[in-house]
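**Q** Take this structure first; my questions come after.
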Amino acid sequence: MTPTEPTPIAGFEPAVLSPEEARALAERHGLMEVGVRPPLWDYVLQVWAKRNFIWTLASSQAYAAHQKYLLGQVWSVLNPLLLVGSYYVIFGLLLKTDRGTENYVGFLTIGIFLFSFIASSMTTGAKSITSNLGLVRSLRFPRAVLPISVTLTQMIHTLPALGVLVLLMLVTGEPIQVKWLMLPLAVLLMFLSILGISFFLARIVEISRDIGNLIPVATRLLRYISGVFFSIEAYAGGHPVVYAIMAYQPISAPLTITREALLAESPIQLTNWLVAAFWAVTLPITGFIFFWRAEARYGRAS
(Lines give C-alpha, C1' and ligand atoms only; values in the text may rest on other atoms or scores of the structure.)
Protein backbone atom coordinates (compact mmCIF):
# COMPACT_ATOMS: atom_id res chain seq x y z
CA MET A 1 0.00 0.00 0.00
CA THR A 2 1.38 3.37 -0.96
CA PRO A 3 1.57 5.76 1.96
CA THR A 4 -0.56 8.84 1.50
CA GLU A 5 0.30 12.35 2.54
CA PRO A 6 -1.46 13.56 5.66
CA THR A 7 -4.54 15.58 4.93
CA PRO A 8 -4.00 19.18 5.99
CA ILE A 9 -6.34 20.42 8.66
CA ALA A 10 -8.51 23.26 7.44
CA GLY A 11 -7.57 26.58 8.96
CA PHE A 12 -4.30 25.27 10.46
CA GLU A 13 -0.97 26.83 9.49
CA PRO A 14 2.28 25.21 10.81
CA ALA A 15 4.25 27.58 13.02
CA VAL A 16 7.39 28.98 11.44
CA LEU A 17 10.15 30.44 13.60
CA SER A 18 11.60 33.75 12.62
CA PRO A 19 15.39 33.81 11.93
CA GLU A 20 15.95 35.53 15.29
CA GLU A 21 13.88 32.92 17.14
CA ALA A 22 15.64 30.05 15.35
CA ARG A 23 19.04 31.53 16.20
CA ALA A 24 18.06 31.96 19.85
CA LEU A 25 16.79 28.37 20.00
CA ALA A 26 20.01 27.04 18.49
CA GLU A 27 22.13 29.05 20.93
CA ARG A 28 20.15 27.71 23.90
CA HIS A 29 21.00 24.18 22.76
CA GLY A 30 24.68 24.92 22.15
CA LEU A 31 24.48 25.05 18.35
CA MET A 32 26.56 27.62 16.46
CA GLU A 33 26.64 28.94 12.92
CA VAL A 34 29.28 27.50 10.64
CA GLY A 35 31.93 29.85 9.26
CA VAL A 36 31.10 32.71 11.59
CA ARG A 37 33.65 34.29 13.91
CA PRO A 38 32.48 34.11 17.54
CA PRO A 39 32.71 37.14 19.84
CA LEU A 40 36.19 37.62 21.26
CA TRP A 41 35.35 36.73 24.86
CA ASP A 42 33.39 33.63 23.76
CA TYR A 43 36.41 32.65 21.70
CA VAL A 44 38.71 33.02 24.70
CA LEU A 45 36.40 30.76 26.72
CA GLN A 46 36.35 28.20 23.90
CA VAL A 47 40.14 28.10 23.83
CA TRP A 48 40.29 27.77 27.62
CA ALA A 49 37.79 24.90 27.47
CA LYS A 50 40.21 23.08 25.14
CA ARG A 51 43.19 23.40 27.52
CA ASN A 52 43.34 19.63 28.17
CA PHE A 53 43.26 18.95 24.44
CA ILE A 54 46.04 21.51 23.90
CA TRP A 55 48.26 19.84 26.48
CA THR A 56 47.55 16.33 25.18
CA LEU A 57 48.23 17.38 21.60
CA ALA A 58 51.44 19.24 22.50
CA SER A 59 52.85 16.51 24.76
CA SER A 60 52.07 13.73 22.28
CA GLN A 61 53.68 15.67 19.43
CA ALA A 62 56.73 16.36 21.57
CA TYR A 63 57.04 12.68 22.48
CA ALA A 64 56.55 11.48 18.90
CA ALA A 65 58.95 13.98 17.32
CA HIS A 66 62.14 12.01 18.04
CA GLN A 67 60.78 8.47 18.22
CA LYS A 68 62.10 7.56 14.77
CA TYR A 69 65.65 8.31 15.94
CA LEU A 70 67.77 5.85 17.91
CA LEU A 71 68.66 8.41 20.59
CA GLY A 72 65.09 9.68 20.82
CA GLN A 73 64.60 12.67 23.11
CA VAL A 74 68.38 13.00 23.64
CA TRP A 75 68.48 14.95 20.37
CA SER A 76 66.61 17.82 22.03
CA VAL A 77 69.81 18.32 24.08
CA LEU A 78 72.41 17.12 21.57
CA ASN A 79 71.38 19.51 18.79
CA PRO A 80 71.92 22.73 20.77
CA LEU A 81 75.10 21.31 22.34
CA LEU A 82 76.55 20.61 18.89
CA LEU A 83 75.60 24.13 17.84
CA VAL A 84 77.34 25.56 20.90
CA GLY A 85 80.51 23.66 19.99
CA SER A 86 80.52 24.80 16.37
CA TYR A 87 79.63 28.41 17.22
CA TYR A 88 82.32 28.54 19.88
CA VAL A 89 84.96 27.45 17.37
CA ILE A 90 83.78 29.87 14.67
CA PHE A 91 82.84 32.94 16.69
CA GLY A 92 84.73 32.48 19.92
CA LEU A 93 88.08 31.19 18.68
CA LEU A 94 88.27 32.34 15.06
CA LEU A 95 86.29 35.60 14.95
CA LYS A 96 86.84 36.59 18.60
CA THR A 97 83.30 37.80 19.27
CA ASP A 98 83.72 37.19 23.00
CA ARG A 99 84.38 40.88 23.65
CA GLY A 100 82.50 42.16 26.70
CA THR A 101 81.96 38.71 28.23
CA GLU A 102 83.88 36.91 30.96
CA ASN A 103 82.20 33.52 30.70
CA TYR A 104 81.77 33.34 26.93
CA VAL A 105 80.90 29.64 26.94
CA GLY A 106 78.04 30.26 29.36
CA PHE A 107 76.97 33.38 27.47
CA LEU A 108 76.97 31.50 24.15
CA THR A 109 75.22 28.42 25.58
CA ILE A 110 72.29 30.51 26.85
CA GLY A 111 71.97 32.23 23.49
CA ILE A 112 72.06 29.01 21.46
CA PHE A 113 69.73 27.01 23.71
CA LEU A 114 67.07 29.72 23.87
CA PHE A 115 67.31 30.75 20.24
CA SER A 116 66.83 27.12 19.20
CA PHE A 117 63.43 27.26 20.90
CA ILE A 118 62.63 30.65 19.36
CA ALA A 119 63.53 29.64 15.80
CA SER A 120 61.73 26.28 15.91
CA SER A 121 58.63 27.86 17.47
CA MET A 122 58.46 30.56 14.82
CA THR A 123 58.89 28.03 12.01
CA THR A 124 56.29 25.54 13.25
CA GLY A 125 53.95 28.23 14.58
CA ALA A 126 53.88 29.99 11.21
CA LYS A 127 52.67 26.78 9.53
CA SER A 128 50.40 25.60 12.35
CA ILE A 129 47.26 26.16 10.24
CA THR A 130 48.55 25.24 6.79
CA SER A 131 50.20 22.05 8.08
CA ASN A 132 46.97 20.87 9.74
CA LEU A 133 44.37 21.62 7.09
CA GLY A 134 42.90 18.12 7.36
CA LEU A 135 42.25 18.66 11.06
CA VAL A 136 40.97 22.20 10.49
CA ARG A 137 38.50 21.12 7.79
CA SER A 138 37.21 18.01 9.53
CA LEU A 139 36.76 19.13 13.13
CA ARG A 140 35.18 22.17 14.77
CA PHE A 141 37.39 23.79 17.40
CA PRO A 142 38.94 27.25 17.99
CA ARG A 143 41.85 27.42 15.57
CA ALA A 144 44.01 29.28 18.09
CA VAL A 145 44.51 25.85 19.66
CA LEU A 146 47.01 25.03 16.91
CA PRO A 147 49.54 27.89 17.34
CA ILE A 148 49.34 27.39 21.11
CA SER A 149 49.91 23.65 20.90
CA VAL A 150 52.89 23.82 18.51
CA THR A 151 54.58 26.52 20.60
CA LEU A 152 53.96 24.45 23.72
CA THR A 153 55.39 21.42 21.91
CA GLN A 154 58.63 23.30 21.28
CA MET A 155 58.70 24.40 24.92
CA ILE A 156 58.40 20.77 26.05
CA HIS A 157 61.27 19.92 23.68
CA THR A 158 63.35 22.65 25.31
CA LEU A 159 62.80 21.68 28.95
CA PRO A 160 65.51 18.96 29.04
CA ALA A 161 67.92 21.41 27.40
CA LEU A 162 67.16 23.98 30.11
CA GLY A 163 68.12 21.42 32.73
CA VAL A 164 71.40 20.79 30.93
CA LEU A 165 71.85 24.56 30.63
CA VAL A 166 71.82 24.97 34.40
CA LEU A 167 74.37 22.17 34.75
CA LEU A 168 76.61 23.79 32.15
CA MET A 169 76.55 27.02 34.15
CA LEU A 170 78.12 25.10 37.02
CA VAL A 171 80.64 23.43 34.70
CA THR A 172 81.72 26.81 33.33
CA GLY A 173 82.36 28.10 36.84
CA GLU A 174 79.19 30.07 37.57
CA PRO A 175 78.37 30.20 41.30
CA ILE A 176 74.88 29.28 42.44
CA GLN A 177 73.06 32.50 43.24
CA VAL A 178 69.62 33.47 44.51
CA LYS A 179 68.90 35.19 41.20
CA TRP A 180 68.88 31.76 39.51
CA LEU A 181 65.32 31.57 40.85
CA MET A 182 64.45 34.16 38.19
CA LEU A 183 65.10 31.62 35.42
CA PRO A 184 61.51 30.20 35.32
CA LEU A 185 60.14 33.74 35.01
CA ALA A 186 62.55 34.52 32.17
CA VAL A 187 61.50 31.33 30.35
CA LEU A 188 57.81 32.13 30.85
CA LEU A 189 58.24 35.64 29.44
CA MET A 190 60.07 34.18 26.44
CA PHE A 191 57.34 31.60 25.85
CA LEU A 192 54.57 34.22 25.92
CA SER A 193 56.43 36.55 23.55
CA ILE A 194 57.06 33.80 21.01
CA LEU A 195 53.48 32.57 21.31
CA GLY A 196 52.30 36.03 20.34
CA ILE A 197 54.61 36.04 17.33
CA SER A 198 53.29 32.59 16.35
CA PHE A 199 49.73 33.95 16.28
CA PHE A 200 50.79 36.70 13.88
CA LEU A 201 52.78 34.37 11.64
CA ALA A 202 50.10 31.65 11.55
CA ARG A 203 47.51 34.03 10.11
CA ILE A 204 49.93 35.71 7.70
CA VAL A 205 51.19 32.40 6.30
CA GLU A 206 47.62 31.09 5.99
CA ILE A 207 46.83 34.10 3.82
CA SER A 208 49.96 33.72 1.68
CA ARG A 209 51.75 30.36 1.74
CA ASP A 210 54.79 31.84 0.01
CA ILE A 211 55.60 33.89 3.11
CA GLY A 212 56.22 30.62 4.94
CA ASN A 213 59.34 30.14 2.82
CA LEU A 214 60.73 33.40 4.20
CA ILE A 215 60.48 32.36 7.86
CA PRO A 216 63.83 30.47 7.87
CA VAL A 217 65.46 33.52 6.27
CA ALA A 218 63.96 35.77 8.95
CA THR A 219 65.11 33.51 11.80
CA ARG A 220 68.60 33.38 10.32
CA LEU A 221 68.69 37.17 10.23
CA LEU A 222 67.42 37.39 13.81
CA ARG A 223 70.18 35.04 14.90
CA TYR A 224 72.75 37.60 13.78
CA ILE A 225 71.13 40.74 15.20
CA SER A 226 69.80 39.45 18.55
CA GLY A 227 73.03 38.92 20.44
CA VAL A 228 72.95 35.13 20.29
CA PHE A 229 76.74 34.83 20.06
CA PHE A 230 77.96 38.35 20.87
CA SER A 231 77.30 41.04 23.46
CA ILE A 232 75.06 43.76 22.00
CA GLU A 233 76.29 46.21 24.62
CA ALA A 234 79.95 45.58 23.75
CA TYR A 235 79.46 46.03 20.01
CA ALA A 236 76.61 48.56 19.80
CA GLY A 237 76.76 50.29 23.17
CA GLY A 238 78.34 53.38 21.63
CA HIS A 239 75.35 53.90 19.33
CA PRO A 240 72.27 54.44 21.55
CA VAL A 241 69.67 54.11 18.77
CA VAL A 242 71.22 50.99 17.27
CA TYR A 243 71.67 49.52 20.74
CA ALA A 244 68.03 50.16 21.69
CA ILE A 245 66.75 48.59 18.47
CA MET A 246 68.89 45.49 18.88
CA ALA A 247 68.65 45.04 22.64
CA TYR A 248 64.97 45.77 23.23
CA GLN A 249 63.37 43.86 20.38
CA PRO A 250 61.31 40.77 21.43
CA ILE A 251 63.90 38.17 20.40
CA SER A 252 66.94 39.55 22.20
CA ALA A 253 65.09 40.67 25.35
CA PRO A 254 64.50 37.08 26.63
CA LEU A 255 68.14 36.20 25.97
CA THR A 256 69.28 39.22 27.97
CA ILE A 257 67.15 38.55 31.05
CA THR A 258 68.07 34.85 31.07
CA ARG A 259 71.75 35.79 31.06
CA GLU A 260 71.08 38.21 33.89
CA ALA A 261 69.42 35.39 35.83
CA LEU A 262 72.26 32.89 35.36
CA LEU A 263 75.53 34.78 34.80
CA ALA A 264 77.32 36.46 37.69
CA GLU A 265 78.83 39.03 35.31
CA SER A 266 75.34 40.23 34.26
CA PRO A 267 73.51 41.96 37.13
CA ILE A 268 69.72 42.17 37.13
CA GLN A 269 68.58 45.34 35.37
CA LEU A 270 64.95 46.29 35.92
CA THR A 271 64.68 47.99 32.52
CA ASN A 272 65.47 44.79 30.66
CA TRP A 273 62.90 42.81 32.64
CA LEU A 274 60.24 45.45 32.10
CA VAL A 275 60.93 45.38 28.35
CA ALA A 276 60.66 41.58 28.31
CA ALA A 277 57.44 41.76 30.34
CA PHE A 278 56.04 44.36 27.92
CA TRP A 279 56.56 42.03 24.97
CA ALA A 280 55.22 39.06 26.95
CA VAL A 281 51.95 40.90 27.55
CA THR A 282 51.58 42.90 24.34
CA LEU A 283 52.45 40.24 21.75
CA PRO A 284 50.12 37.44 22.96
CA ILE A 285 47.15 39.81 23.33
CA THR A 286 47.56 41.61 20.00
CA GLY A 287 48.59 38.40 18.24
CA PHE A 288 45.58 36.51 19.61
CA ILE A 289 43.19 39.26 18.48
CA PHE A 290 44.86 39.44 15.05
CA PHE A 291 44.52 35.66 14.70
CA TRP A 292 40.90 35.62 15.99
CA ARG A 293 39.77 38.19 13.43
CA ALA A 294 40.33 35.63 10.65
CA GLU A 295 38.84 32.68 12.55
CA ALA A 296 35.98 32.24 10.06
CA ARG A 297 38.28 31.82 7.05
CA TYR A 298 40.75 29.20 8.31
CA GLY A 299 40.50 25.98 6.34
CA ARG A 300 38.46 27.39 3.48
CA ALA A 301 39.49 26.33 0.02
CA SER A 302 41.31 29.19 -1.66
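Identifiers for the C-alpha coordinates are assigned positionally: chains receive A, B, ... in sequence, residues are indexed from 1 per chain, and ligands are indexed from 1 in the order shown.
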May I have the residues within 12 Å of Ser198 (chain A) as a PyMOL selection string, using only C-alpha atoms and disregarding those fewer than 4 positions away in the same chain?

**A** chain A and resi 118-129+144-152+154+191-194+202-206+212+215+283-288+290-291

**Q** With a distance cut-off of 9 Å and only C-alpha atoms, select the neighbouring residues of Leu189 (chain A), excluding the residue or stretch itself and same-chain residues fewer than 2 positions from it, and output the selection as a ChimeraX atom specification.

**A** /A:184-187,191-194,254,276-277,279-281

**Q** Take the residues from that selection and put them in a file with N, CA, C and O atoms, as a tab-separated table (two decimals), in the first residue's frame.

**A**
```tsv
chain	number	residue	atom	x	y	z
A	184	PRO	N	62.86	30.57	35.80
A	184	PRO	CA	61.51	30.20	35.32
A	184	PRO	C	60.72	31.39	34.81
A	184	PRO	O	59.99	31.28	33.81
A	185	LEU	N	60.84	32.55	35.47
A	185	LEU	CA	60.14	33.74	35.01
A	185	LEU	C	60.65	34.18	33.65
A	185	LEU	O	59.87	34.56	32.76
A	186	ALA	N	61.97	34.14	33.46
A	186	ALA	CA	62.55	34.52	32.17
A	186	ALA	C	62.05	33.59	31.06
A	186	ALA	O	61.71	34.04	29.96
A	187	VAL	N	61.97	32.30	31.35
A	187	VAL	CA	61.50	31.33	30.35
A	187	VAL	C	60.02	31.57	30.05
A	187	VAL	O	59.59	31.50	28.89
A	191	PHE	N	58.40	32.43	26.44
A	191	PHE	CA	57.34	31.60	25.85
A	191	PHE	C	56.16	32.46	25.41
A	191	PHE	O	55.64	32.30	24.29
A	192	LEU	N	55.72	33.38	26.25
A	192	LEU	CA	54.57	34.22	25.92
A	192	LEU	C	54.86	35.12	24.73
A	192	LEU	O	54.01	35.31	23.86
A	193	SER	N	56.07	35.68	24.68
A	193	SER	CA	56.43	36.55	23.55
A	193	SER	C	56.41	35.78	22.24
A	193	SER	O	55.86	36.25	21.24
A	194	ILE	N	57.00	34.60	22.23
A	194	ILE	CA	57.06	33.80	21.01
A	194	ILE	C	55.69	33.27	20.63
A	194	ILE	O	55.37	33.14	19.44
A	254	PRO	N	64.46	38.30	25.79
A	254	PRO	CA	64.50	37.08	26.63
A	254	PRO	C	65.91	36.54	26.84
A	254	PRO	O	66.22	36.00	27.91
A	276	ALA	N	61.06	42.96	28.58
A	276	ALA	CA	60.66	41.58	28.31
A	276	ALA	C	59.21	41.34	28.73
A	276	ALA	O	58.45	40.66	28.02
A	277	ALA	N	58.82	41.90	29.87
A	277	ALA	CA	57.44	41.76	30.34
A	277	ALA	C	56.47	42.47	29.40
A	277	ALA	O	55.35	41.99	29.15
A	279	TRP	N	56.78	42.90	26.13
A	279	TRP	CA	56.56	42.03	24.97
A	279	TRP	C	55.73	40.81	25.33
A	279	TRP	O	54.89	40.36	24.53
A	280	ALA	N	55.94	40.27	26.52
A	280	ALA	CA	55.22	39.06	26.95
A	280	ALA	C	53.74	39.31	27.17
A	280	ALA	O	52.94	38.37	27.14
A	281	VAL	N	53.36	40.55	27.40
A	281	VAL	CA	51.95	40.90	27.55
A	281	VAL	C	51.36	41.38	26.23
A	281	VAL	O	50.28	40.96	25.82
```

**Q** Mind pulling up the distance from CA of Ile176 (chain A) to CA of His157 (chain A)?

**A**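 Here the two named atoms are 25.0 Å from each other.
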
**Q** I want to know what sits within 10 Å of region 295-298 of chain A, based on only C-alpha atoms, with residues of the same chain fewer than 4 positions away left out; could you give that as JSON, numbers by chain?

**A** {"A": [34, 35, 36, 37, 38, 43, 129, 130, 133, 136, 137, 142, 143, 144, 203, 206, 207, 289, 290, 291, 302]}

**Q** Check the smallest atom-to-atom distance from each of A:Gln177, A:Tyr88, A:Phe141, A:Leu108 to Gln46 (chain A) using only C-alpha atoms, then report the winner.

**A**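 Selected residue with least distance to Gln46 (chain A): A:Phe141.
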
**Q** If DSSP is run on the backbone, what residues of region 111-295 of chain A are alpha helix (DSSP H)? A reply as an MDAnalysis selection string would be ideal.

**A** chainID A and resid 111:126 133:138 145:171 183:207 215:225 232:236 240:247 252:262 270:292

**Q** In terms of the shortest atom-to-atom distance over only C-alpha atoms, which of A:Asn103, A:Ser226, A:Ser208, A:Thr109 is closest to Thr172 (chain A)?

**A**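 For Thr172 (chain A), the nearest of the candidates is A:Asn103.
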
**Q** With only C-alpha atoms as the atoms that count, which of A:Arg140, A:Arg99, A:Lys50, A:Arg223 lies nearest to Leu114 (chain A)?

**A**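 Between A:Arg140, A:Arg99, A:Lys50, A:Arg223, the residue approaching Leu114 (chain A) most closely is A:Arg223.
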
**Q** If you measure from CA of Ala264 (chain A) to CA of Glu102 (chain A), what distance in Å do you get, rounded to one decimal?

**A**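 Atom-to-atom, CA of Ala264 (chain A) and CA of Glu102 (chain A) are spaced 9.4 Å apart.
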
**Q** Taking only residues of region 148-202 of chain A that have an atom at most 10 Å from an atom of region 104-107 of chain A, what is each one's shortest atom pair and its distance in Å to one decimal, using only C-alpha atoms, in chain and number order, as a Markdown table?

**A**
```
| residue | atom | partner | partner_atom | distance |
| --- | --- | --- | --- | --- |
| A:Leu165 | CA | A:Gly106 | CA | 8.5 |
| A:Val166 | CA | A:Gly106 | CA | 9.6 |
| A:Leu168 | CA | A:Gly106 | CA | 7.2 |
| A:Met169 | CA | A:Gly106 | CA | 6.0 |
| A:Leu170 | CA | A:Gly106 | CA | 9.2 |
| A:Val171 | CA | A:Gly106 | CA | 9.0 |
| A:Thr172 | CA | A:Gly106 | CA | 6.4 |
| A:Gly173 | CA | A:Gly106 | CA | 8.9 |
| A:Glu174 | CA | A:Gly106 | CA | 8.3 |
```

**Q** With only C-alpha atoms as the atoms that count, which of A:Thr271, A:Gly196, A:Val84, A:Leu262 lies nearest to Pro250 (chain A)?

**A**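 Using only C-alpha atoms, the shortest distance to Pro250 (chain A) belongs to A:Gly196.
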
**Q** Quick one: residues within 12 Å of Ser138 (chain A), only C-alpha atoms counted, chain neighbours fewer than 6 positions away excluded, as a PyMOL selection string?

**A** chain A and resi 132+298-300
